[in-house]
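Engineer: I am attaching a structure below and will ask some questions about it afterwards.
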Amino acid sequence: MQVSTDKTVFLADDDEINNYLSRAVLEEFLPAERVFEFVSPSQVLLEAGKICPGRPEEAFLFFIDINMPEFNGWELINRLKAIPCFDFSGKDSIYILSSSINPADQEKANRESAIRGFLEKPLSIKTVSDVFSRMEQAGNSVT
């Protein structure tokens with residue numbers, strides 16, 4: 001069920017088992033070389049920063065765990081928003097991943113315009129399918 005070759009996903013979660021499970025689901029929709037997983041927020045920033053020179057046209061999706069060591073997902077989101085080549089009000093997307101649905105975190109995510117959704121982990125086929133469907137409806141091609 002490969003859906004997209006014009007999207008790249010960055011999966012940021014310090015839980016390697018969750019990364020493994022989420023990657024397996026994402027690879028139902030994307031080629032393996034389009035899914036990157038990171039256990040450290042600083043790794044995400046390092047790799048995201050490398051994209052800017054000569055940035056390809058594809059959309060970037062970030063699935064970010066809130067609770068990580070080093071610095072949390074909220075701080076990672078703030079730092080990603082400061083990287084000039086990402087357009088989080090347009091074709092690029094951030095989704096929060098959480099193992100517990102904390103109402104305060106959900107409210108914070110709803111107030112943040114760069115965040116497109118708050119998802120329970122691990123990712124499921126239905127959840128990812130819904131994400132891609134919403135992107136398609138918004139005009140962001142998934143083929």
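Ligands are numbered from 1 in the order shown, residues from 1 within each chain, and chains are lettered A, B, ... in the order they appear in the structure tokens.
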Can you tell me which residues surround Leu123 (chain A) at a distance of at most 8 Å, considering only C-alpha atoms, apart from same-chain residues fewer than 3 positions away, and format the answer as a list in words?

Structural biologist: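 Listing them by chain and then by number gives Leu21, Ser22, Val25, Leu119, Glu120, Thr127 and Val128 of chain A.
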
Engineer: Would you put the residues from that selection into a file with C-alpha atoms, as a short mmCIF file (atom, residue, chain, number, x, y, z; two decimals), in the first residue's frame?

Structural biologist:
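Writing the result to again.cif gives the following:
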```
data_model
loop_
_atom_site.label_atom_id
_atom_site.label_comp_id
_atom_site.auth_asym_id
_atom_site.auth_seq_id
_atom_site.Cartn_x
_atom_site.Cartn_y
_atom_site.Cartn_z
CA LEU A 21 6.37 -0.12 15.42
CA SER A 22 5.70 3.34 13.99
CA VAL A 25 3.21 1.36 9.91
CA LEU A 119 -1.88 11.28 17.99
CA GLU A 120 -1.77 8.36 20.37
CA THR A 127 -4.20 6.91 12.05
CA VAL A 128 -1.62 7.28 9.30
#
```

Engineer: Mind checking DSSP for chain A and telling me the strand (DSSP E) residues as a list in words?

Structural biologist: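 Restricting chain A to strand (DSSP E) produces Lys7, Thr8, Val9, Phe10, Leu11, Ala12, Val35, Phe36, Glu37, Phe38, Ala59, Phe60, Leu61, Phe62, Phe63, Ile64, Asp65, Ser93, Ile94, Tyr95, Ile96, Leu97, Ser98, Ile115, Arg116, Gly117, Phe118, Leu119 and Glu120 of chain A.
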
Engineer: Keeping only N, CA and C atoms, write the selected residues as a PDB file, in the first residue's frame.

Structural biologist:
```
ATOM      1  N   LYS A   7       6.767  12.641   0.011  1.00  0.00           N
ATOM      2  CA  LYS A   7       6.765  12.994   1.436  1.00  0.00           C
ATOM      3  C   LYS A   7       7.972  12.348   2.096  1.00  0.00           C
ATOM      4  N   THR A   8       8.504  13.028   3.090  1.00  0.00           N
ATOM      5  CA  THR A   8       9.551  12.464   3.932  1.00  0.00           C
ATOM      6  C   THR A   8       9.104  12.625   5.376  1.00  0.00           C
ATOM      7  N   VAL A   9       9.288  11.572   6.162  1.00  0.00           N
ATOM      8  CA  VAL A   9       8.856  11.581   7.556  1.00  0.00           C
ATOM      9  C   VAL A   9      10.066  11.534   8.478  1.00  0.00           C
ATOM     10  N   PHE A  10      10.042  12.399   9.481  1.00  0.00           N
ATOM     11  CA  PHE A  10      10.989  12.349  10.587  1.00  0.00           C
ATOM     12  C   PHE A  10      10.199  11.889  11.811  1.00  0.00           C
ATOM     13  N   LEU A  11      10.599  10.792  12.378  1.00  0.00           N
ATOM     14  CA  LEU A  11       9.959  10.212  13.554  1.00  0.00           C
ATOM     15  C   LEU A  11      10.892  10.437  14.742  1.00  0.00           C
ATOM     16  N   ALA A  12      10.453  11.206  15.726  1.00  0.00           N
ATOM     17  CA  ALA A  12      11.283  11.556  16.875  1.00  0.00           C
ATOM     18  C   ALA A  12      10.673  11.001  18.150  1.00  0.00           C
ATOM     19  N   VAL A  35      11.484   7.355   5.409  1.00  0.00           N
ATOM     20  CA  VAL A  35      11.163   7.376   6.835  1.00  0.00           C
ATOM     21  C   VAL A  35      12.469   7.379   7.631  1.00  0.00           C
ATOM     22  N   PHE A  36      12.649   8.418   8.437  1.00  0.00           N
ATOM     23  CA  PHE A  36      13.849   8.548   9.263  1.00  0.00           C
ATOM     24  C   PHE A  36      13.434   8.562  10.727  1.00  0.00           C
ATOM     25  N   GLU A  37      14.077   7.758  11.535  1.00  0.00           N
ATOM     26  CA  GLU A  37      13.728   7.727  12.955  1.00  0.00           C
ATOM     27  C   GLU A  37      14.913   8.202  13.788  1.00  0.00           C
ATOM     28  N   PHE A  38      14.572   8.888  14.872  1.00  0.00           N
ATOM     29  CA  PHE A  38      15.567   9.482  15.751  1.00  0.00           C
ATOM     30  C   PHE A  38      15.159   9.251  17.199  1.00  0.00           C
ATOM     31  N   ALA A  59       7.066  17.390   0.736  1.00  0.00           N
ATOM     32  CA  ALA A  59       6.614  17.815   2.059  1.00  0.00           C
ATOM     33  C   ALA A  59       7.327  16.992   3.131  1.00  0.00           C
ATOM     34  N   PHE A  60       7.523  17.593   4.275  1.00  0.00           N
ATOM     35  CA  PHE A  60       8.135  16.920   5.413  1.00  0.00           C
ATOM     36  C   PHE A  60       7.105  16.804   6.527  1.00  0.00           C
ATOM     37  N   LEU A  61       6.985  15.608   7.076  1.00  0.00           N
ATOM     38  CA  LEU A  61       6.101  15.354   8.210  1.00  0.00           C
ATOM     39  C   LEU A  61       6.966  14.983   9.397  1.00  0.00           C
ATOM     40  N   PHE A  62       6.698  15.609  10.525  1.00  0.00           N
ATOM     41  CA  PHE A  62       7.413  15.323  11.761  1.00  0.00           C
ATOM     42  C   PHE A  62       6.428  14.725  12.748  1.00  0.00           C
ATOM     43  N   PHE A  63       6.701  13.520  13.212  1.00  0.00           N
ATOM     44  CA  PHE A  63       5.931  12.888  14.285  1.00  0.00           C
ATOM     45  C   PHE A  63       6.816  12.965  15.518  1.00  0.00           C
ATOM     46  N   ILE A  64       6.386  13.719  16.525  1.00  0.00           N
ATOM     47  CA  ILE A  64       7.258  14.055  17.654  1.00  0.00           C
ATOM     48  C   ILE A  64       6.636  13.640  18.979  1.00  0.00           C
ATOM     49  N   ASP A  65       7.397  12.857  19.725  1.00  0.00           N
ATOM     50  CA  ASP A  65       7.008  12.490  21.090  1.00  0.00           C
ATOM     51  C   ASP A  65       7.208  13.716  21.984  1.00  0.00           C
ATOM     52  N   SER A  93       4.330  19.452   8.000  1.00  0.00           N
ATOM     53  CA  SER A  93       3.400  19.163   9.095  1.00  0.00           C
ATOM     54  C   SER A  93       4.114  18.625  10.321  1.00  0.00           C
ATOM     55  N   ILE A  94       3.560  18.960  11.469  1.00  0.00           N
ATOM     56  CA  ILE A  94       4.019  18.403  12.748  1.00  0.00           C
ATOM     57  C   ILE A  94       2.831  17.723  13.408  1.00  0.00           C
ATOM     58  N   TYR A  95       3.065  16.508  13.866  1.00  0.00           N
ATOM     59  CA  TYR A  95       2.074  15.768  14.653  1.00  0.00           C
ATOM     60  C   TYR A  95       2.721  15.370  15.968  1.00  0.00           C
ATOM     61  N   ILE A  96       2.006  15.587  17.054  1.00  0.00           N
ATOM     62  CA  ILE A  96       2.463  15.181  18.375  1.00  0.00           C
ATOM     63  C   ILE A  96       2.126  13.704  18.573  1.00  0.00           C
ATOM     64  N   LEU A  97       3.077  12.960  19.116  1.00  0.00           N
ATOM     65  CA  LEU A  97       2.844  11.576  19.520  1.00  0.00           C
ATOM     66  C   LEU A  97       2.875  11.505  21.033  1.00  0.00           C
ATOM     67  N   SER A  98       1.940  10.779  21.609  1.00  0.00           N
ATOM     68  CA  SER A  98       1.942  10.625  23.061  1.00  0.00           C
ATOM     69  C   SER A  98       1.342   9.281  23.450  1.00  0.00           C
ATOM     70  N   ILE A 115       1.149  22.707  14.619  1.00  0.00           N
ATOM     71  CA  ILE A 115       0.809  21.314  14.926  1.00  0.00           C
ATOM     72  C   ILE A 115      -0.510  20.955  14.263  1.00  0.00           C
ATOM     73  N   ARG A 116      -0.474  19.899  13.463  1.00  0.00           N
ATOM     74  CA  ARG A 116      -1.662  19.480  12.712  1.00  0.00           C
ATOM     75  C   ARG A 116      -2.504  18.449  13.445  1.00  0.00           C
ATOM     76  N   GLY A 117      -1.929  17.826  14.490  1.00  0.00           N
ATOM     77  CA  GLY A 117      -2.703  16.827  15.201  1.00  0.00           C
ATOM     78  C   GLY A 117      -1.972  16.276  16.401  1.00  0.00           C
ATOM     79  N   PHE A 118      -2.738  15.655  17.275  1.00  0.00           N
ATOM     80  CA  PHE A 118      -2.247  15.039  18.502  1.00  0.00           C
ATOM     81  C   PHE A 118      -2.626  13.568  18.401  1.00  0.00           C
ATOM     82  N   LEU A 119      -1.640  12.693  18.266  1.00  0.00           N
ATOM     83  CA  LEU A 119      -1.881  11.282  17.990  1.00  0.00           C
ATOM     84  C   LEU A 119      -1.404  10.391  19.122  1.00  0.00           C
ATOM     85  N   GLU A 120      -2.169   9.344  19.364  1.00  0.00           N
ATOM     86  CA  GLU A 120      -1.775   8.365  20.374  1.00  0.00           C
ATOM     87  C   GLU A 120      -0.794   7.383  19.739  1.00  0.00           C
TER      88      GLU A 120
END
```

Engineer: Enumerate as an MDAnalysis selection string all residues of region 14-126 of chain A assigned to alpha helix (DSSP H) by DSSP on the backbone, naming them with the chain letters and numbers the document uses.

Structural biologist: chainID A and resid 16:26 41:51 73:81 103:111 125:126

Engineer: Just how far from CA of Val131 (chain A) is CA of Lys108 (chain A), in Å to one decimal?

Structural biologist: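 Taking CA of Lys108 (chain A) and CA of Val131 (chain A), their separation equals 19.6 Å.
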
Engineer: Please compute the CA of Ser124 (chain A)-CA of Glu136 (chain A) distance, one decimal, in Å.

Structural biologist: 18.5 Å

Engineer: Could you name the residues that touch Met68 (chain A) at 10 Å or less, counting only C-alpha atoms, but leaving out those on the same chain fewer than 3 positions away, as a VMD selection string?

Structural biologist: chain A and resid 12 to 15 39 to 41 64 to 65 71 to 74 76

Engineer: Leaving out Cys52 (chain A) and any residue of its chain fewer than 3 positions from it, which residues lie within 8 Å of it when counting only C-alpha atoms, given as an MDAnalysis selection string?

Structural biologist: chainID A and resid 48:49 55 84:85

Engineer: Kindly export the residues of the current selection with C-alpha atoms, as a PDB file, in the first residue's frame.

Structural biologist:
```pdb
ATOM      1  CA  ALA A  48      16.577  18.845   9.520  1.00  0.00           C
ATOM      2  CA  GLY A  49      19.150  21.625   9.242  1.00  0.00           C
ATOM      3  CA  ARG A  55      15.670  21.763  -0.222  1.00  0.00           C
ATOM      4  CA  PRO A  84      13.678  28.854   7.685  1.00  0.00           C
ATOM      5  CA  CYS A  85      13.183  26.252   4.963  1.00  0.00           C
TER       6      CYS A  85
END
```
